[in-house]
Amino acid sequence: MPTPAAEHAPGLAPADGIAARARGLTKAYGSGETTVLALDRVDVDIVRGRFTAVMGPSGSGKSTLMHCLAGLDTVSAGQVWLGDTEITGLKDGELTRLRRDRIGFMFQSFNLVPTLNARENITLPLDIAGRRPDEQWLDQVIDTLGLRDRLRHRPAQLSGGQQQRVACARALASRPELIFADEPTGNLDSRSGLEVLGFLREAVDRLDQTVVMVTHDPGAAAHSDLVLFLADGRIVDEMRQPTAESVLERMKRFDVIRAPVDDADRSGRK
Ligand SMILES: Nc1ncnc2c1ncn2[C@@H]1O[C@H](COP(=O)(O)OP(=O)(O)OP(=O)(O)O)[C@@H](O)[C@H]1O
């Protein structure tokens, strides 16, 4: 049996309860003097069956973290695992398959195909992969998301909230190990946004899914179990059982920390 300390040793595949893990995750864009260090030696464990939110000021590395954890972007240094598969070092084809088979994605723009109806959009990733849907699971997802009577509608015949629900069902359809949601409520009015957050919550609580959501909205983060706060490419804090108020308070502290630096810059001091 590994000791708890050994479990966190670099190079060791994560235990069962961890859906994704990063160790020393570093991502630099550009080279030489123009290098931007988007992620700076990030260590993170995404716990299975939980709803994790990622917050932080603009440019702090939230999207980069999500893209590196999801195998959508290469890393400059460090290691990333999805379950017990180390994804850093996988070839493009292997990564594509892994994303298709084991990860669900939800983006701010719903990315639905306009010529397909809701059901066809939901099963599209499975169809592309040549996989048959698990009908029982699909029924459960469709009912949980309240889409039963909308399945034959095309995206243009659905409201924004309904379209995002279809996108949510599409992310869930393959029963992925991990769902990444990038600002999933960004294009929605507050009521539809609340609905979608409620469905993501249900996906975790009732369907035992694991969700990682990038958001700017403290109210959205309040639906999660755990908020990770990023600043300048590092995880600087985390908060369990967040409320909109507590997240907002924490976010305000980033502004306070930044202000003196800005002042120093303006006065020409280093
Ligand atoms: N393709 C790229 N080329 C160069 N720099 C990039 C690239 N993508 C991101 N960056 C830089 O990396 C840093 C982190 O960007 P990232 O998009 O991850 O931040 P974010 O926290 O998601 O920001 P936002 O909240 O504004 O979406 C930023 O300084 C950004 O300018």
# chains A, B, ... in the order shown; residues from 1 in each chain; ligands from 1

call {"tool": "residues_near_ligand", "arguments": {"ligand": "ligand 1", "cutoff": "10 Å", "atoms": "only C-alpha atoms and all ligand atoms", "output": "PDB file with N, CA and C atoms, in the first residue's frame"}}
result
ATOM      1  N   LYS A  27       2.866  25.800 -18.710  1.00  0.00           N
ATOM      2  CA  LYS A  27       2.574  26.097 -20.113  1.00  0.00           C
ATOM      3  C   LYS A  27       3.091  27.488 -20.444  1.00  0.00           C
ATOM      4  N   ALA A  28       4.006  27.542 -21.375  1.00  0.00           N
ATOM      5  CA  ALA A  28       4.521  28.833 -21.819  1.00  0.00           C
ATOM      6  C   ALA A  28       4.113  29.034 -23.269  1.00  0.00           C
ATOM      7  N   TYR A  29       3.696  30.244 -23.584  1.00  0.00           N
ATOM      8  CA  TYR A  29       3.414  30.595 -24.976  1.00  0.00           C
ATOM      9  C   TYR A  29       4.528  31.507 -25.473  1.00  0.00           C
ATOM     10  N   GLY A  30       4.929  31.343 -26.708  1.00  0.00           N
ATOM     11  CA  GLY A  30       5.960  32.192 -27.297  1.00  0.00           C
ATOM     12  C   GLY A  30       7.341  31.798 -26.796  1.00  0.00           C
ATOM     13  N   SER A  31       8.335  32.586 -27.190  1.00  0.00           N
ATOM     14  CA  SER A  31       9.690  32.256 -26.756  1.00  0.00           C
ATOM     15  C   SER A  31      10.484  33.543 -26.557  1.00  0.00           C
ATOM     16  N   THR A  34       9.379  37.437 -25.290  1.00  0.00           N
ATOM     17  CA  THR A  34       7.913  37.549 -25.374  1.00  0.00           C
ATOM     18  C   THR A  34       7.203  36.350 -24.740  1.00  0.00           C
ATOM     19  N   THR A  35       7.952  35.488 -24.048  1.00  0.00           N
ATOM     20  CA  THR A  35       7.325  34.307 -23.437  1.00  0.00           C
ATOM     21  C   THR A  35       6.273  34.728 -22.410  1.00  0.00           C
ATOM     22  N   VAL A  36       5.101  34.081 -22.500  1.00  0.00           N
ATOM     23  CA  VAL A  36       4.066  34.270 -21.485  1.00  0.00           C
ATOM     24  C   VAL A  36       3.935  32.954 -20.745  1.00  0.00           C
ATOM     25  N   LEU A  37       4.116  32.996 -19.436  1.00  0.00           N
ATOM     26  CA  LEU A  37       3.970  31.785 -18.639  1.00  0.00           C
ATOM     27  C   LEU A  37       2.509  31.696 -18.201  1.00  0.00           C
ATOM     28  N   ALA A  38       1.716  30.953 -18.965  1.00  0.00           N
ATOM     29  CA  ALA A  38       0.274  30.888 -18.688  1.00  0.00           C
ATOM     30  C   ALA A  38      -0.012  29.992 -17.487  1.00  0.00           C
ATOM     31  N   LEU A  39       0.775  28.922 -17.308  1.00  0.00           N
ATOM     32  CA  LEU A  39       0.648  28.054 -16.123  1.00  0.00           C
ATOM     33  C   LEU A  39       2.045  27.812 -15.577  1.00  0.00           C
ATOM     34  N   VAL A  54     -13.327  26.723 -11.552  1.00  0.00           N
ATOM     35  CA  VAL A  54     -12.025  27.374 -11.658  1.00  0.00           C
ATOM     36  C   VAL A  54     -12.272  28.855 -11.903  1.00  0.00           C
ATOM     37  N   MET A  55     -11.751  29.685 -11.003  1.00  0.00           N
ATOM     38  CA  MET A  55     -11.941  31.137 -11.120  1.00  0.00           C
ATOM     39  C   MET A  55     -10.595  31.846 -11.048  1.00  0.00           C
ATOM     40  N   GLY A  56     -10.613  33.122 -11.387  1.00  0.00           N
ATOM     41  CA  GLY A  56      -9.394  33.916 -11.308  1.00  0.00           C
ATOM     42  C   GLY A  56      -9.500  35.084 -12.257  1.00  0.00           C
ATOM     43  N   PRO A  57      -8.646  36.080 -12.080  1.00  0.00           N
ATOM     44  CA  PRO A  57      -8.709  37.253 -12.954  1.00  0.00           C
ATOM     45  C   PRO A  57      -8.489  36.880 -14.415  1.00  0.00           C
ATOM     46  N   SER A  58      -8.871  37.771 -15.298  1.00  0.00           N
ATOM     47  CA  SER A  58      -8.661  37.552 -16.724  1.00  0.00           C
ATOM     48  C   SER A  58      -7.167  37.350 -16.993  1.00  0.00           C
ATOM     49  N   GLY A  59      -6.844  36.327 -17.780  1.00  0.00           N
ATOM     50  CA  GLY A  59      -5.446  36.064 -18.110  1.00  0.00           C
ATOM     51  C   GLY A  59      -4.715  35.237 -17.062  1.00  0.00           C
ATOM     52  N   SER A  60      -5.430  34.760 -16.024  1.00  0.00           N
ATOM     53  CA  SER A  60      -4.748  34.021 -14.944  1.00  0.00           C
ATOM     54  C   SER A  60      -4.420  32.582 -15.338  1.00  0.00           C
ATOM     55  N   GLY A  61      -4.991  32.104 -16.455  1.00  0.00           N
ATOM     56  CA  GLY A  61      -4.631  30.763 -16.923  1.00  0.00           C
ATOM     57  C   GLY A  61      -5.748  29.739 -16.837  1.00  0.00           C
ATOM     58  N   LYS A  62      -6.984  30.194 -16.600  1.00  0.00           N
ATOM     59  CA  LYS A  62      -8.105  29.256 -16.412  1.00  0.00           C
ATOM     60  C   LYS A  62      -8.324  28.380 -17.650  1.00  0.00           C
ATOM     61  N   SER A  63      -8.460  29.041 -18.805  1.00  0.00           N
ATOM     62  CA  SER A  63      -8.729  28.272 -20.028  1.00  0.00           C
ATOM     63  C   SER A  63      -7.546  27.378 -20.365  1.00  0.00           C
ATOM     64  N   THR A  64      -6.341  27.898 -20.146  1.00  0.00           N
ATOM     65  CA  THR A  64      -5.153  27.094 -20.447  1.00  0.00           C
ATOM     66  C   THR A  64      -5.140  25.846 -19.568  1.00  0.00           C
ATOM     67  N   LEU A  65      -5.493  26.016 -18.294  1.00  0.00           N
ATOM     68  CA  LEU A  65      -5.521  24.857 -17.388  1.00  0.00           C
ATOM     69  C   LEU A  65      -6.519  23.828 -17.897  1.00  0.00           C
ATOM     70  N   MET A  66      -7.712  24.315 -18.263  1.00  0.00           N
ATOM     71  CA  MET A  66      -8.728  23.396 -18.755  1.00  0.00           C
ATOM     72  C   MET A  66      -8.250  22.687 -20.025  1.00  0.00           C
ATOM     73  N   HIS A  67      -7.670  23.452 -20.940  1.00  0.00           N
ATOM     74  CA  HIS A  67      -7.228  22.863 -22.211  1.00  0.00           C
ATOM     75  C   HIS A  67      -6.127  21.834 -21.989  1.00  0.00           C
ATOM     76  N   CYS A  68      -5.225  22.105 -21.059  1.00  0.00           N
ATOM     77  CA  CYS A  68      -4.132  21.144 -20.802  1.00  0.00           C
ATOM     78  C   CYS A  68      -4.663  19.894 -20.102  1.00  0.00           C
ATOM     79  N   ASP A  73      -4.497  20.953 -25.495  1.00  0.00           N
ATOM     80  CA  ASP A  73      -3.283  21.733 -25.728  1.00  0.00           C
ATOM     81  C   ASP A  73      -2.098  20.951 -25.162  1.00  0.00           C
ATOM     82  N   ASP A 182     -16.660  25.390 -20.182  1.00  0.00           N
ATOM     83  CA  ASP A 182     -15.977  26.686 -20.238  1.00  0.00           C
ATOM     84  C   ASP A 182     -17.031  27.774 -20.349  1.00  0.00           C
ATOM     85  N   GLU A 183     -17.256  28.501 -19.274  1.00  0.00           N
ATOM     86  CA  GLU A 183     -18.268  29.565 -19.244  1.00  0.00           C
ATOM     87  C   GLU A 183     -19.605  29.083 -19.809  1.00  0.00           C
ATOM     88  N   VAL A 214     -15.028  26.394 -15.820  1.00  0.00           N
ATOM     89  CA  VAL A 214     -14.355  27.693 -15.771  1.00  0.00           C
ATOM     90  C   VAL A 214     -15.437  28.764 -15.803  1.00  0.00           C
ATOM     91  N   THR A 215     -15.351  29.720 -14.880  1.00  0.00           N
ATOM     92  CA  THR A 215     -16.367  30.775 -14.879  1.00  0.00           C
ATOM     93  C   THR A 215     -15.819  32.074 -14.301  1.00  0.00           C
ATOM     94  N   HIS A 216     -16.420  33.188 -14.709  1.00  0.00           N
ATOM     95  CA  HIS A 216     -16.103  34.490 -14.118  1.00  0.00           C
ATOM     96  C   HIS A 216     -17.152  34.868 -13.076  1.00  0.00           C
ATOM     97  N   PHE A 229      -8.857  28.880  -7.168  1.00  0.00           N
ATOM     98  CA  PHE A 229      -8.567  30.243  -7.612  1.00  0.00           C
ATOM     99  C   PHE A 229      -7.180  30.284  -8.240  1.00  0.00           C
ATOM    100  N   LEU A 230      -7.147  30.765  -9.462  1.00  0.00           N
ATOM    101  CA  LEU A 230      -5.880  30.908 -10.179  1.00  0.00           C
ATOM    102  C   LEU A 230      -5.479  32.382 -10.197  1.00  0.00           C
ATOM    103  N   ALA A 231      -4.181  32.625 -10.098  1.00  0.00           N
ATOM    104  CA  ALA A 231      -3.644  33.978 -10.322  1.00  0.00           C
ATOM    105  C   ALA A 231      -2.259  33.813 -10.914  1.00  0.00           C
ATOM    106  N   ASP A 232      -2.005  34.520 -11.975  1.00  0.00           N
ATOM    107  CA  ASP A 232      -0.690  34.470 -12.634  1.00  0.00           C
ATOM    108  C   ASP A 232      -0.202  33.047 -12.866  1.00  0.00           C
ATOM    109  N   GLY A 233      -1.098  32.191 -13.308  1.00  0.00           N
ATOM    110  CA  GLY A 233      -0.700  30.838 -13.694  1.00  0.00           C
ATOM    111  C   GLY A 233      -0.488  29.877 -12.547  1.00  0.00           C
TER     112      GLY A 233
END

call {"tool": "closest_atom_pairs", "arguments": {"of": "range 115-134 of chain A", "to": "range 171-175 of chain A", "cutoff": "8 Å", "atoms": "only C-alpha atoms", "output": "tab-separated table"}}
result
residue	atom	partner	partner_atom	distance
A:Ile122	CA	A:Ala173	CA	6.6
A:Thr123	CA	A:Ala173	CA	6.6
A:Pro125	CA	A:Ser174	CA	8.0
A:Leu126	CA	A:Ser174	CA	6.7
A:Pro133	CA	A:Ser174	CA	7.2
A:Asp134	CA	A:Ser174	CA	7.9

call {"tool": "write_last_selection", "arguments": {"atoms": "N, CA and C atoms", "output": "short mmCIF file (atom, residue, chain, number, x, y, z; two decimals), in the first residue's frame"}}
result
data_model
loop_
_atom_site.label_atom_id
_atom_site.label_comp_id
_atom_site.auth_asym_id
_atom_site.auth_seq_id
_atom_site.Cartn_x
_atom_site.Cartn_y
_atom_site.Cartn_z
N ILE A 122 -27.36 15.45 -29.79
CA ILE A 122 -26.91 14.81 -28.54
C ILE A 122 -26.06 13.58 -28.84
N THR A 123 -26.47 12.81 -29.84
CA THR A 123 -25.75 11.55 -30.10
C THR A 123 -24.64 11.70 -31.14
N PRO A 125 -21.52 12.98 -31.22
CA PRO A 125 -20.16 12.48 -30.92
C PRO A 125 -20.09 10.95 -30.91
N LEU A 126 -21.17 10.31 -30.43
CA LEU A 126 -21.19 8.84 -30.43
C LEU A 126 -21.26 8.32 -31.86
N PRO A 133 -25.39 4.43 -28.71
CA PRO A 133 -25.69 5.02 -27.41
C PRO A 133 -26.19 3.97 -26.43
N ASP A 134 -25.86 4.14 -25.16
CA ASP A 134 -26.46 3.33 -24.10
C ASP A 134 -27.83 3.96 -23.85
#

call {"tool": "closest_residue", "arguments": {"among": "A:Glu245, A:Asp45, A:Asp40, A:Glu33", "to": "Ala15 in chain A", "atoms": "only C-alpha atoms"}}
result
A:Asp45

call {"tool": "select_by_dssp", "arguments": {"residues": "range 103-251 of chain A", "states": "strand (DSSP E)", "output": "list in words"}}
result
Ile103, Gly104, Phe105, Met106, Leu178, Ile179, Phe180, Ala181, Asp182, Val211, Val212, Met213, Val214, Leu226, Val227, Leu228, Phe229, Leu230, Ala231, Arg234, Ile235, Val236, Asp237, Glu238, Met239 and Arg240 of chain A

call {"tool": "write_last_selection", "arguments": {"atoms": "N, CA and C atoms", "output": "short mmCIF file (atom, residue, chain, number, x, y, z; two decimals), in the first residue's frame"}}
result
data_model
loop_
_atom_site.label_atom_id
_atom_site.label_comp_id
_atom_site.auth_asym_id
_atom_site.auth_seq_id
_atom_site.Cartn_x
_atom_site.Cartn_y
_atom_site.Cartn_z
N ILE A 103 -14.05 12.17 -22.42
CA ILE A 103 -14.26 13.54 -21.92
C ILE A 103 -15.47 14.15 -22.61
N GLY A 104 -16.25 14.91 -21.84
CA GLY A 104 -17.36 15.67 -22.42
C GLY A 104 -17.03 17.16 -22.35
N PHE A 105 -17.45 17.90 -23.36
CA PHE A 105 -17.15 19.34 -23.40
C PHE A 105 -18.42 20.16 -23.54
N MET A 106 -18.44 21.27 -22.81
CA MET A 106 -19.50 22.27 -22.98
C MET A 106 -18.84 23.63 -23.09
N LEU A 178 -15.12 12.72 -17.30
CA LEU A 178 -14.94 14.09 -16.85
C LEU A 178 -15.60 15.02 -17.85
N ILE A 179 -16.32 16.02 -17.32
CA ILE A 179 -16.93 17.03 -18.20
C ILE A 179 -16.25 18.36 -17.94
N PHE A 180 -15.79 19.00 -19.01
CA PHE A 180 -15.22 20.34 -18.91
C PHE A 180 -16.23 21.33 -19.46
N ALA A 181 -16.54 22.34 -18.66
CA ALA A 181 -17.49 23.36 -19.10
C ALA A 181 -16.80 24.71 -19.03
N ASP A 182 -16.66 25.39 -20.18
CA ASP A 182 -15.98 26.69 -20.24
C ASP A 182 -17.03 27.77 -20.35
N VAL A 211 -17.50 17.22 -12.89
CA VAL A 211 -17.56 18.43 -13.72
C VAL A 211 -16.48 19.42 -13.29
N VAL A 212 -15.79 19.97 -14.26
CA VAL A 212 -14.87 21.10 -14.03
C VAL A 212 -15.38 22.26 -14.87
N MET A 213 -15.67 23.39 -14.20
CA MET A 213 -16.26 24.53 -14.91
C MET A 213 -15.39 25.77 -14.72
N VAL A 214 -15.03 26.39 -15.82
CA VAL A 214 -14.35 27.69 -15.77
C VAL A 214 -15.44 28.76 -15.80
N LEU A 226 -16.29 22.94 -4.92
CA LEU A 226 -14.95 23.44 -4.61
C LEU A 226 -14.57 24.46 -5.67
N VAL A 227 -14.07 25.60 -5.23
CA VAL A 227 -13.57 26.59 -6.19
C VAL A 227 -12.05 26.65 -6.09
N LEU A 228 -11.38 26.52 -7.24
CA LEU A 228 -9.93 26.72 -7.31
C LEU A 228 -9.70 28.12 -7.84
N PHE A 229 -8.86 28.88 -7.17
CA PHE A 229 -8.57 30.24 -7.61
C PHE A 229 -7.18 30.28 -8.24
N LEU A 230 -7.15 30.77 -9.46
CA LEU A 230 -5.88 30.91 -10.18
C LEU A 230 -5.48 32.38 -10.20
N ALA A 231 -4.18 32.62 -10.10
CA ALA A 231 -3.64 33.98 -10.32
C ALA A 231 -2.26 33.81 -10.91
N ARG A 234 -0.89 30.27 -11.33
CA ARG A 234 -0.75 29.36 -10.19
C ARG A 234 -2.07 29.23 -9.44
N ILE A 235 -2.28 28.07 -8.81
CA ILE A 235 -3.45 27.94 -7.95
C ILE A 235 -3.07 28.56 -6.60
N VAL A 236 -3.74 29.64 -6.26
CA VAL A 236 -3.33 30.39 -5.07
C VAL A 236 -4.27 30.16 -3.89
N ASP A 237 -5.44 29.55 -4.16
CA ASP A 237 -6.38 29.35 -3.06
C ASP A 237 -7.44 28.37 -3.50
N GLU A 238 -8.15 27.80 -2.53
CA GLU A 238 -9.33 27.00 -2.87
C GLU A 238 -10.38 27.22 -1.79
N MET A 239 -11.64 27.00 -2.17
CA MET A 239 -12.74 27.24 -1.24
C MET A 239 -13.76 26.12 -1.38
N ARG A 240 -14.07 25.48 -0.24
CA ARG A 240 -15.10 24.45 -0.24
C ARG A 240 -16.45 25.06 0.09
#

call {"tool": "closest_residue", "arguments": {"among": "A:Asp92, A:Arg23, A:Thr85, A:Leu207", "to": "Asp139 in chain A", "atoms": "only C-alpha atoms"}}
result
A:Leu207

call {"tool": "atom_distance", "arguments": {"atom1": "CA of Ala19 in chain A", "atom2": "CA of Arg50 in chain A"}}
result
9.5 Å

call {"tool": "atom_distance", "arguments": {"atom1": "CA of Trp137 in chain A", "atom2": "CA of Leu188 in chain A"}}
result
26.7 Å
